[in-house]
>>> print(open('my_file-v6.txt').read())   # compact mmCIF, C-alpha atoms and all ligand atoms
# COMPACT_ATOMS: atom_id res chain seq x y z
CA MET H 1127 39.14 -23.55 8.22
CA ASN H 1128 36.56 -21.20 9.61
CA GLU H 1129 34.36 -20.05 6.79
CA THR H 1130 31.26 -18.01 7.58
CA VAL H 1131 28.54 -17.93 4.99
CA THR H 1132 26.34 -14.86 5.33
CA ILE H 1133 23.01 -14.64 3.61
CA ASP H 1134 21.57 -11.18 2.87
CA ARG H 1135 18.90 -10.39 5.43
CA TYR H 1136 15.59 -8.66 4.76
CA GLY H 1137 12.43 -8.39 6.79
CA VAL H 1138 9.19 -6.62 7.54
CA MET H 1139 8.83 -4.47 10.66
CA GLY H 1140 5.41 -3.79 12.10
CA TYR H 1141 3.35 -3.90 15.29
CA PRO H 1142 1.68 -6.34 15.22
CA VAL H 1143 3.16 -8.17 12.26
CA SER H 1144 2.38 -11.86 12.68
CA HIS H 1145 -0.41 -11.72 10.06
CA SER H 1146 1.94 -10.37 7.34
CA ARG H 1147 2.15 -12.31 4.05
CA SER H 1148 5.34 -10.53 3.00
CA PRO H 1149 7.70 -13.40 4.04
CA VAL H 1150 5.77 -15.84 1.81
CA ILE H 1151 5.73 -13.44 -1.13
CA HIS H 1152 9.45 -12.59 -0.89
CA ARG H 1153 10.39 -16.26 -0.50
CA LEU H 1154 8.49 -17.05 -3.70
CA PHE H 1155 10.22 -14.13 -5.47
CA ALA H 1156 13.64 -15.34 -4.25
CA ILE H 1157 13.03 -18.88 -5.51
CA GLN H 1158 11.73 -17.64 -8.84
CA THR H 1159 14.72 -15.32 -9.45
CA GLY H 1160 17.38 -17.56 -7.86
CA GLN H 1161 18.35 -15.00 -5.22
CA GLU H 1162 19.95 -16.16 -1.98
CA MET H 1163 18.36 -14.16 0.76
CA GLN H 1164 16.31 -14.55 3.90
CA TYR H 1165 13.24 -12.58 4.94
CA GLU H 1166 12.04 -12.28 8.54
CA LEU H 1167 9.01 -11.12 10.47
CA LEU H 1168 10.11 -8.43 12.94
CA GLN H 1169 7.62 -7.32 15.58
CA VAL H 1170 8.83 -3.97 16.90
CA ALA H 1171 6.96 -1.60 19.23
CA PRO H 1172 6.92 2.10 18.22
CA GLU H 1173 9.28 3.22 21.02
CA LYS H 1174 11.92 0.70 19.90
CA LEU H 1175 11.70 1.41 16.17
CA ASP H 1176 14.84 3.50 15.72
CA ILE H 1177 17.04 1.12 17.73
CA ALA H 1178 15.62 -1.96 16.00
CA ILE H 1179 16.31 -0.57 12.51
CA ARG H 1180 19.94 0.33 13.41
CA GLN H 1181 20.49 -3.07 14.99
CA PHE H 1182 19.10 -4.86 11.93
CA GLN H 1183 21.49 -2.80 9.78
CA ARG H 1184 24.50 -3.64 12.02
CA THR H 1185 23.74 -7.35 11.89
CA GLY H 1186 23.80 -7.79 8.12
CA GLY H 1187 20.44 -6.31 7.19
CA LYS H 1188 20.20 -5.17 3.57
CA GLY H 1189 16.64 -3.94 3.46
CA LEU H 1190 13.33 -3.69 5.27
CA ASN H 1191 9.67 -3.40 4.55
CA ILE H 1192 7.85 -1.15 6.98
CA THR H 1193 4.20 -1.64 7.80
CA VAL H 1194 1.50 -0.37 10.17
CA PRO H 1195 1.95 1.68 12.32
CA HIS H 1196 5.51 2.75 11.45
CA LYS H 1197 5.37 4.17 7.91
CA SER H 1198 5.18 7.89 8.79
CA GLU H 1199 7.71 7.64 11.60
CA VAL H 1200 10.27 5.95 9.33
CA ALA H 1201 9.88 8.85 6.88
CA ARG H 1202 11.42 10.98 9.65
CA LEU H 1203 14.25 8.50 10.41
CA VAL H 1204 15.76 7.84 6.96
CA ASP H 1205 18.78 9.76 5.60
CA GLN H 1206 17.43 10.00 2.06
CA MET H 1207 14.03 9.50 0.49
CA SER H 1208 12.57 8.99 -2.99
CA GLU H 1209 10.29 11.66 -4.40
CA ARG H 1210 7.28 9.34 -4.15
CA ALA H 1211 7.99 8.60 -0.47
CA ARG H 1212 8.24 12.34 0.21
CA THR H 1213 4.91 12.97 -1.52
CA ALA H 1214 3.29 10.13 0.43
CA GLY H 1215 4.87 11.30 3.71
CA ALA H 1216 5.49 7.63 4.41
CA VAL H 1217 8.13 4.95 3.83
CA ASN H 1218 7.27 1.27 3.27
CA THR H 1219 10.71 0.18 2.03
CA ILE H 1220 14.21 0.85 3.36
CA ALA H 1221 17.41 -0.02 1.51
CA PHE H 1222 20.63 0.14 3.55
CA ARG H 1223 23.18 1.78 1.31
CA GLY H 1224 26.75 2.29 2.54
CA GLY H 1225 25.70 3.00 6.11
CA GLU H 1226 22.81 5.24 5.05
CA LEU H 1227 19.08 4.59 5.17
CA TYR H 1228 17.30 5.15 1.86
CA GLY H 1229 13.51 5.29 2.12
CA ASP H 1230 11.04 4.54 -0.67
CA ASN H 1231 7.29 4.03 -0.94
CA THR H 1232 6.09 1.32 -3.31
CA ASP H 1233 2.42 1.25 -2.23
CA GLY H 1234 1.17 3.69 -4.88
CA ILE H 1235 2.98 2.04 -7.78
CA GLY H 1236 1.81 -1.33 -6.46
CA LEU H 1237 -1.81 -0.21 -6.63
CA LEU H 1238 -1.35 1.28 -10.11
CA ARG H 1239 0.26 -1.90 -11.44
CA ASP H 1240 -2.57 -4.00 -10.07
CA LEU H 1241 -5.22 -1.68 -11.53
CA ASN H 1242 -3.55 -1.02 -14.90
CA VAL H 1243 -1.72 -4.24 -15.69
CA ASN H 1244 -3.48 -7.02 -13.78
CA LEU H 1245 -7.04 -5.71 -13.89
CA GLY H 1246 -7.03 -3.56 -17.05
CA VAL H 1247 -8.58 -0.45 -15.44
CA ASN H 1248 -7.93 2.75 -17.41
CA LEU H 1249 -7.61 5.77 -15.12
CA GLU H 1250 -7.20 8.53 -17.69
CA ASP H 1251 -10.26 10.83 -17.51
CA ALA H 1252 -11.79 8.50 -14.92
CA GLY H 1253 -13.87 9.62 -11.95
CA ILE H 1254 -12.23 8.25 -8.80
CA LEU H 1255 -13.71 8.23 -5.31
CA ILE H 1256 -11.47 7.40 -2.35
CA LEU H 1257 -13.15 6.55 0.95
CA GLY H 1258 -10.95 7.50 3.90
CA ALA H 1259 -8.32 10.19 4.42
CA GLY H 1260 -5.62 8.59 6.55
CA GLY H 1261 -2.09 7.38 5.80
CA ALA H 1262 -3.21 4.79 3.25
CA THR H 1263 -5.01 7.46 1.22
CA ARG H 1264 -2.09 9.85 1.34
CA GLY H 1265 0.17 7.11 -0.07
CA ILE H 1266 -1.91 6.59 -3.21
CA ILE H 1267 -3.19 10.06 -4.18
CA GLY H 1268 0.00 11.24 -5.93
CA PRO H 1269 0.37 8.18 -8.21
CA LEU H 1270 -3.39 8.18 -8.98
CA LEU H 1271 -3.33 11.87 -9.97
CA GLU H 1272 -0.39 11.23 -12.28
CA MET H 1273 -2.70 8.98 -14.32
CA GLN H 1274 -4.71 12.15 -15.14
CA PRO H 1275 -8.19 11.27 -13.89
CA ALA H 1276 -11.05 13.71 -14.54
CA LEU H 1277 -11.58 14.02 -10.78
CA LEU H 1278 -10.37 12.41 -7.59
CA ARG H 1279 -12.81 12.94 -4.73
CA ILE H 1280 -11.87 12.06 -1.15
CA ALA H 1281 -14.82 11.28 1.13
CA ASN H 1282 -14.15 10.90 4.84
CA ARG H 1283 -16.05 10.74 8.13
CA THR H 1284 -13.89 13.63 9.38
CA ILE H 1285 -14.05 16.29 6.66
CA GLU H 1286 -11.01 18.23 7.97
CA LYS H 1287 -8.68 15.34 7.17
CA ALA H 1288 -9.99 15.04 3.61
CA GLN H 1289 -9.69 18.81 3.15
CA TYR H 1290 -6.11 18.71 4.45
CA LEU H 1291 -5.21 16.20 1.73
CA VAL H 1292 -6.94 18.32 -0.93
CA ASP H 1293 -4.89 21.36 0.14
CA HIS H 1294 -1.75 19.24 -0.05
CA PHE H 1295 -2.40 17.67 -3.47
CA GLU H 1296 -4.43 20.21 -5.45
CA LYS H 1297 -1.33 21.48 -7.25
CA ILE H 1298 -0.83 18.01 -8.75
CA GLY H 1299 -4.33 17.41 -10.13
CA PRO H 1300 -8.13 17.81 -9.69
CA VAL H 1301 -9.07 16.81 -6.13
CA ALA H 1302 -12.14 17.51 -3.97
CA ALA H 1303 -13.22 16.64 -0.42
CA CYS H 1304 -16.53 15.88 1.25
CA ARG H 1305 -18.25 13.74 3.90
CA PHE H 1306 -19.73 10.35 2.96
CA ASP H 1307 -23.26 11.77 2.76
CA GLU H 1308 -22.16 14.73 0.63
CA VAL H 1309 -20.91 12.79 -2.39
CA PRO H 1310 -22.83 14.38 -5.30
CA VAL H 1311 -25.50 11.96 -6.54
CA ALA H 1312 -25.04 12.96 -10.17
CA GLU H 1313 -21.27 12.36 -10.13
CA PRO H 1314 -20.53 8.98 -11.77
CA TYR H 1315 -17.52 7.03 -10.52
CA ASP H 1316 -15.48 4.62 -12.58
CA LEU H 1317 -13.46 3.55 -9.56
CA ILE H 1318 -14.16 3.58 -5.82
CA ILE H 1319 -11.25 2.73 -3.51
CA ASN H 1320 -11.80 1.88 0.13
CA ALA H 1321 -8.86 3.25 2.13
CA THR H 1322 -10.59 3.39 5.50
CA SER H 1323 -9.58 1.02 8.26
CA ALA H 1324 -13.24 0.49 9.20
CA GLY H 1325 -13.31 -3.06 7.80
CA LEU H 1326 -10.46 -4.10 10.09
CA HIS H 1327 -12.88 -3.62 12.97
CA GLY H 1328 -15.69 -5.32 11.04
CA ASP H 1329 -17.46 -1.97 10.48
CA THR H 1330 -19.32 -0.88 7.38
CA PRO H 1331 -19.76 2.91 7.64
CA PRO H 1332 -22.55 4.60 5.64
CA TYR H 1333 -20.62 4.54 2.35
CA PRO H 1334 -22.30 6.58 -0.40
CA GLU H 1335 -24.60 4.15 -2.24
CA ALA H 1336 -25.36 6.63 -5.02
CA ALA H 1337 -21.71 6.60 -6.09
CA ILE H 1338 -21.97 3.04 -7.44
CA THR H 1339 -23.36 2.20 -10.88
CA GLU H 1340 -23.12 -1.01 -12.88
CA ASN H 1341 -19.98 0.49 -14.49
CA THR H 1342 -18.15 1.10 -11.20
CA PHE H 1343 -15.04 -0.86 -10.32
CA CYS H 1344 -14.59 -1.19 -6.52
CA TYR H 1345 -11.22 -1.86 -4.92
CA ASP H 1346 -10.57 -2.47 -1.22
CA LEU H 1347 -7.01 -1.75 -0.07
CA SER H 1348 -7.73 -4.28 2.69
CA TYR H 1349 -7.74 -8.00 1.95
CA GLY H 1350 -8.55 -11.21 3.71
CA LEU H 1351 -9.34 -14.84 3.13
CA ASN H 1352 -12.96 -13.90 3.62
CA THR H 1353 -14.69 -11.13 1.71
CA THR H 1354 -14.08 -7.76 3.37
CA PRO H 1355 -17.10 -5.72 4.53
CA PHE H 1356 -16.47 -3.10 1.80
CA SER H 1357 -16.19 -5.75 -0.93
CA ALA H 1358 -19.45 -7.28 0.23
CA TRP H 1359 -21.09 -3.83 0.29
CA ALA H 1360 -19.85 -3.10 -3.25
CA ARG H 1361 -21.21 -6.40 -4.57
CA GLU H 1362 -24.56 -5.88 -2.89
CA HIS H 1363 -24.85 -2.46 -4.51
CA GLY H 1364 -24.28 -3.71 -8.03
CA ALA H 1365 -20.64 -2.77 -8.71
CA LYS H 1366 -19.19 -3.99 -12.01
CA LYS H 1367 -16.40 -5.66 -10.11
CA SER H 1368 -15.33 -5.82 -6.47
CA ILE H 1369 -11.69 -6.61 -5.79
CA MET H 1370 -9.61 -6.93 -2.59
CA GLY H 1371 -6.06 -5.60 -2.40
CA TRP H 1372 -4.05 -8.84 -2.72
CA GLY H 1373 -2.67 -7.73 -6.08
CA MET H 1374 -1.45 -4.43 -4.64
CA LEU H 1375 0.27 -6.33 -1.84
CA VAL H 1376 2.17 -8.56 -4.28
CA GLU H 1377 2.97 -5.67 -6.66
CA GLN H 1378 4.35 -3.37 -3.93
CA ALA H 1379 6.49 -6.29 -2.75
CA ALA H 1380 7.83 -6.80 -6.29
CA GLU H 1381 8.82 -3.14 -6.47
CA SER H 1382 10.66 -3.41 -3.11
CA PHE H 1383 12.38 -6.59 -4.28
CA HIS H 1384 13.51 -4.77 -7.43
CA LEU H 1385 14.93 -1.90 -5.36
CA TRP H 1386 16.93 -4.33 -3.20
CA ARG H 1387 18.04 -6.96 -5.73
CA GLY H 1388 17.92 -5.17 -9.11
CA ILE H 1389 15.63 -7.89 -10.51
CA ARG H 1390 11.91 -7.58 -11.11
CA PRO H 1391 10.07 -10.81 -10.29
CA ASP H 1392 7.09 -11.98 -12.32
CA THR H 1393 4.11 -11.34 -10.07
CA ALA H 1394 1.47 -13.42 -11.91
CA PRO H 1395 2.66 -16.88 -10.76
CA VAL H 1396 3.06 -15.61 -7.19
CA LEU H 1397 -0.50 -14.33 -7.11
CA LYS H 1398 -1.60 -17.68 -8.46
CA GLN H 1399 0.53 -19.72 -6.07
CA MET H 1400 -0.98 -17.88 -3.13
CA HIS H 1401 -4.47 -18.83 -4.41
CA ILE H 1402 -5.55 -15.30 -3.77
CA ASN H 1403 -6.08 -13.96 -7.25
CA ALA H 1404 -9.58 -12.76 -6.39
P1 LIG H 1501 -4.36 4.20 7.66
O1 LIG H 1501 -2.90 4.44 7.81
O2 LIG H 1501 -4.76 2.74 7.51
O3 LIG H 1501 -4.98 5.05 6.60
P2 LIG H 1501 -5.42 5.98 9.62
O4 LIG H 1501 -4.44 7.02 9.23
O5 LIG H 1501 -5.71 5.77 11.07
O6 LIG H 1501 -5.02 4.57 9.06
O7 LIG H 1501 -6.79 6.30 8.86
C1 LIG H 1501 -7.92 5.51 9.00
C2 LIG H 1501 -9.04 6.01 8.05
O8 LIG H 1501 -10.16 5.14 8.20
C3 LIG H 1501 -9.54 7.40 8.36
O9 LIG H 1501 -9.97 8.01 7.17
C4 LIG H 1501 -10.73 7.12 9.28
O10 LIG H 1501 -11.71 8.14 9.29
P3 LIG H 1501 -11.54 9.43 10.26
O11 LIG H 1501 -10.49 10.29 9.59
O12 LIG H 1501 -12.87 10.04 10.32
O13 LIG H 1501 -11.06 8.88 11.60
C5 LIG H 1501 -11.30 5.92 8.60
N1 LIG H 1501 -12.12 5.10 9.50
C6 LIG H 1501 -11.70 4.19 10.42
N2 LIG H 1501 -12.74 3.61 11.05
C7 LIG H 1501 -13.87 4.16 10.50
C8 LIG H 1501 -15.28 3.98 10.70
N3 LIG H 1501 -15.75 3.10 11.60
N4 LIG H 1501 -16.11 4.71 9.96
C9 LIG H 1501 -15.66 5.59 9.05
N5 LIG H 1501 -14.35 5.82 8.80
C10 LIG H 1501 -13.47 5.11 9.52
>>> encode(input="my_file-v6.txt", output="structure tokens")
Amino acid sequence: MNETVTIDRYGVMGYPVSHSRSPVIHRLFAIQTGQEMQYELLQVAPEKLDIAIRQFQRTGGKGLNITVPHKSEVARLVDQMSERARTAGAVNTIAFRGGELYGDNTDGIGLLRDLNVNLGVNLEDAGILILGAGGATRGIIGPLLEMQPALLRIANRTIEKAQYLVDHFEKIGPVAACRFDEVPVAEPYDLIINATSAGLHGDTPPYPEAAITENTFCYDLSYGLNTTPFSAWAREHGAKKSIMGWGMLVEQAAESFHLWRGIRPDTAPVLKQMHINA
């Protein structure tokens, strides 16, 4: 008798992708929820992205995570998209549904869950400062504005990019743009989020020191086994708390897992098991 057992395939596509923790996280989710599935690391160069996604689909793929640098490109490739992916202009999760590609973006909700649920940060009426105005920023502005902050200011080295995002999002909530050295001194911030990629290159740009008080919560979307440059900067300047984005990583993964499998894993033990609950 020739019986073929097929396990549902998932994976993360990026370039490079070898550093990704997603396989570990999804394996822990699968064990916890008793789901039979496999999750692979898929290194795919930008020019091969379309072909690689279709091939993964043809060979039993059920879903994909998409990471740097492919998130915006995949937003152009999918057949259908969630509202939050459209707002973000980026897709970090694909579900293959009856031959069609459905794109979602779970980054924003992942950040909100980490802030609200894991860390107990209240965003209603809060003053929020985001440093950086690239793809990562665009992915989180919509969900942050839905929490009804008093103001969300975007500070960026290149003012035009911050202004572009303000023009795009000002119909959703109160947003403003400026350069790092133009952040108003008298404007107190409850939350500062680093969404620049400067730390990846070991850089610490001239972030606005005056924006931090002893009540400011600092959150770096980047994470590492060692303290990131922004986290170190925040600590040195007296922030109330300085957190790296491990929680967001695990929470966005949980939301993707839920989309694919219909089950929401418990994230707390996974954060603990990874020994990264900073
Ligand atoms: P991502 O998708 O990670 O957001 P991106 O779209 O390339 O990547 O955006 C990177 C962000 O980090 C931008 O806001 C960039 O500032 P500019 O718009 O001025 O380029 C910011 N960034 C990267 N390196 C930086 C540095 N050394 N100093 C200041 N900002 C930096």
>>> closest_residue(input="my_file-v6.txt", among="H:Pro1334, H:Pro1355, H:Pro1300, H:Gly1260", to="ligand LIG 1501 (chain H)", atoms="all atoms listed in the file")
H:Gly1260
>>> closest_residue(input="my_file-v6.txt", among="H:Phe1356, H:Tyr1228, H:Phe1343, H:Tyr1165", to="ligand LIG 1501 (chain H)", atoms="all atoms listed in the file")
H:Phe1356
>>> closest_residue(input="my_file-v6.txt", among="H:Asp1176, H:Glu1250, H:Asp1346, H:Asp1240", to="ligand LIG 1501 (chain H)", atoms="all atoms listed in the file")
H:Asp1346
>>> atom_distance(input="my_file-v6.txt", atom1="atom CA of H:His1196", atom2="atom CA of H:Gln1183")
17.0 Å
>>> residues_near_ligand(input="my_file-v6.txt", ligand="ligand LIG 1501 (chain H)", cutoff="6 Å", atoms="only C-alpha atoms and all ligand atoms", output="number ranges by chain")
H: 1258-1263, 1282-1284, 1287, 1322-1324, 1329, 1331
>>> atom_distance(input="my_file-v6.txt", atom1="atom CA of H:Lys1398", atom2="atom CA of H:Ala1156")
16.0 Å
>>> closest_residue(input="my_file-v6.txt", among="H:Ile1235, H:Leu1277, H:Val1309, H:Leu1270", to="H:Glu1381", atoms="all atoms listed in the file")
H:Ile1235
>>> closest_residue(input="my_file-v6.txt", among="H:Ile1389, H:Ala1380, H:Leu1278, H:Ile1369", to="H:Arg1239", atoms="all atoms listed in the file")
H:Ala1380
>>> atom_distance(input="my_file-v6.txt", atom1="atom CA of H:Leu1249", atom2="atom CA of H:Ala1360")
19.2 Å
>>> residues_around(input="my_file-v6.txt", residues="stretch 1207-1212 of chain H", least_positions_apart="5", cutoff="7 Å", atoms="only C-alpha atoms", output="list in words")
Val1217, Tyr1228, Gly1229, Asp1230 and Asn1231 of chain H
>>> closest_residue(input="my_file-v6.txt", among="H:Gly1186, H:Gly1253, H:Pro1195, H:Gly1373", to="H:Thr1393", atoms="all atoms listed in the file")
H:Gly1373
>>> residues_near_point(input="my_file-v6.txt", point="(-12.8, 17.6, 6.2)", cutoff="12 Å", atoms="only C-alpha atoms", output="PDB file with C-alpha atoms, in the coordinates of the input")
ATOM      1  CA  GLY H1258     -10.950   7.500   3.900  1.00  0.00           C
ATOM      2  CA  ALA H1259      -8.320  10.190   4.420  1.00  0.00           C
ATOM      3  CA  GLY H1260      -5.620   8.590   6.550  1.00  0.00           C
ATOM      4  CA  ARG H1279     -12.810  12.940  -4.730  1.00  0.00           C
ATOM      5  CA  ILE H1280     -11.870  12.060  -1.150  1.00  0.00           C
ATOM      6  CA  ALA H1281     -14.820  11.280   1.130  1.00  0.00           C
ATOM      7  CA  ASN H1282     -14.150  10.900   4.840  1.00  0.00           C
ATOM      8  CA  ARG H1283     -16.050  10.740   8.130  1.00  0.00           C
ATOM      9  CA  THR H1284     -13.890  13.630   9.380  1.00  0.00           C
ATOM     10  CA  ILE H1285     -14.050  16.290   6.660  1.00  0.00           C
ATOM     11  CA  GLU H1286     -11.010  18.230   7.970  1.00  0.00           C
ATOM     12  CA  LYS H1287      -8.680  15.340   7.170  1.00  0.00           C
ATOM     13  CA  ALA H1288      -9.990  15.040   3.610  1.00  0.00           C
ATOM     14  CA  GLN H1289      -9.690  18.810   3.150  1.00  0.00           C
ATOM     15  CA  TYR H1290      -6.110  18.710   4.450  1.00  0.00           C
ATOM     16  CA  LEU H1291      -5.210  16.200   1.730  1.00  0.00           C
ATOM     17  CA  VAL H1292      -6.940  18.320  -0.930  1.00  0.00           C
ATOM     18  CA  ASP H1293      -4.890  21.360   0.140  1.00  0.00           C
ATOM     19  CA  ALA H1302     -12.140  17.510  -3.970  1.00  0.00           C
ATOM     20  CA  ALA H1303     -13.220  16.640  -0.420  1.00  0.00           C
ATOM     21  CA  CYS H1304     -16.530  15.880   1.250  1.00  0.00           C
ATOM     22  CA  ARG H1305     -18.250  13.740   3.900  1.00  0.00           C
ATOM     23  CA  PHE H1306     -19.730  10.350   2.960  1.00  0.00           C
ATOM     24  CA  GLU H1308     -22.160  14.730   0.630  1.00  0.00           C
TER      25      GLU H1308
END
>>> residues_around(input="my_file-v6.txt", residues="H:Ser1146", least_positions_apart="5", cutoff="12 Å", atoms="all atoms listed in the file", output="compact mmCIF listing (two decimals) with C-alpha atoms, keeping the file's coordinate frame")
# COMPACT_ATOMS: atom_id res chain seq x y z
CA GLY H 1137 12.43 -8.39 6.79
CA VAL H 1138 9.19 -6.62 7.54
CA MET H 1139 8.83 -4.47 10.66
CA GLY H 1140 5.41 -3.79 12.10
CA TYR H 1141 3.35 -3.90 15.29
CA ILE H 1151 5.73 -13.44 -1.13
CA HIS H 1152 9.45 -12.59 -0.89
CA TYR H 1165 13.24 -12.58 4.94
CA GLU H 1166 12.04 -12.28 8.54
CA LEU H 1167 9.01 -11.12 10.47
CA LEU H 1168 10.11 -8.43 12.94
CA GLN H 1169 7.62 -7.32 15.58
CA ASN H 1191 9.67 -3.40 4.55
CA ILE H 1192 7.85 -1.15 6.98
CA THR H 1193 4.20 -1.64 7.80
CA VAL H 1194 1.50 -0.37 10.17
CA TYR H 1349 -7.74 -8.00 1.95
CA GLY H 1350 -8.55 -11.21 3.71
CA TRP H 1372 -4.05 -8.84 -2.72
CA LEU H 1375 0.27 -6.33 -1.84
CA VAL H 1376 2.17 -8.56 -4.28
CA ALA H 1379 6.49 -6.29 -2.75
>>> residues_around(input="my_file-v6.txt", residues="H:Ile1267", least_positions_apart="4", cutoff="8 Å", atoms="only C-alpha atoms", output="list in words")
Ala1214, Gly1234, Thr1263, Leu1271 and Phe1295 of chain H
>>> residues_around(input="my_file-v6.txt", residues="H:Ile1338", least_positions_apart="4", cutoff="12 Å", atoms="all atoms listed in the file", output="list in words")
Gly1253, Ile1254, Leu1255, Val1309, Pro1310, Val1311, Ala1312, Glu1313, Pro1314, Tyr1315, Asp1316, Leu1317, Ile1318, Ile1319, Tyr1333, Pro1334, Thr1342, Phe1343, Cys1344, Trp1359, Ala1360, Arg1361, Glu1362, His1363, Gly1364, Ala1365, Lys1366, Lys1367 and Ser1368 of chain H
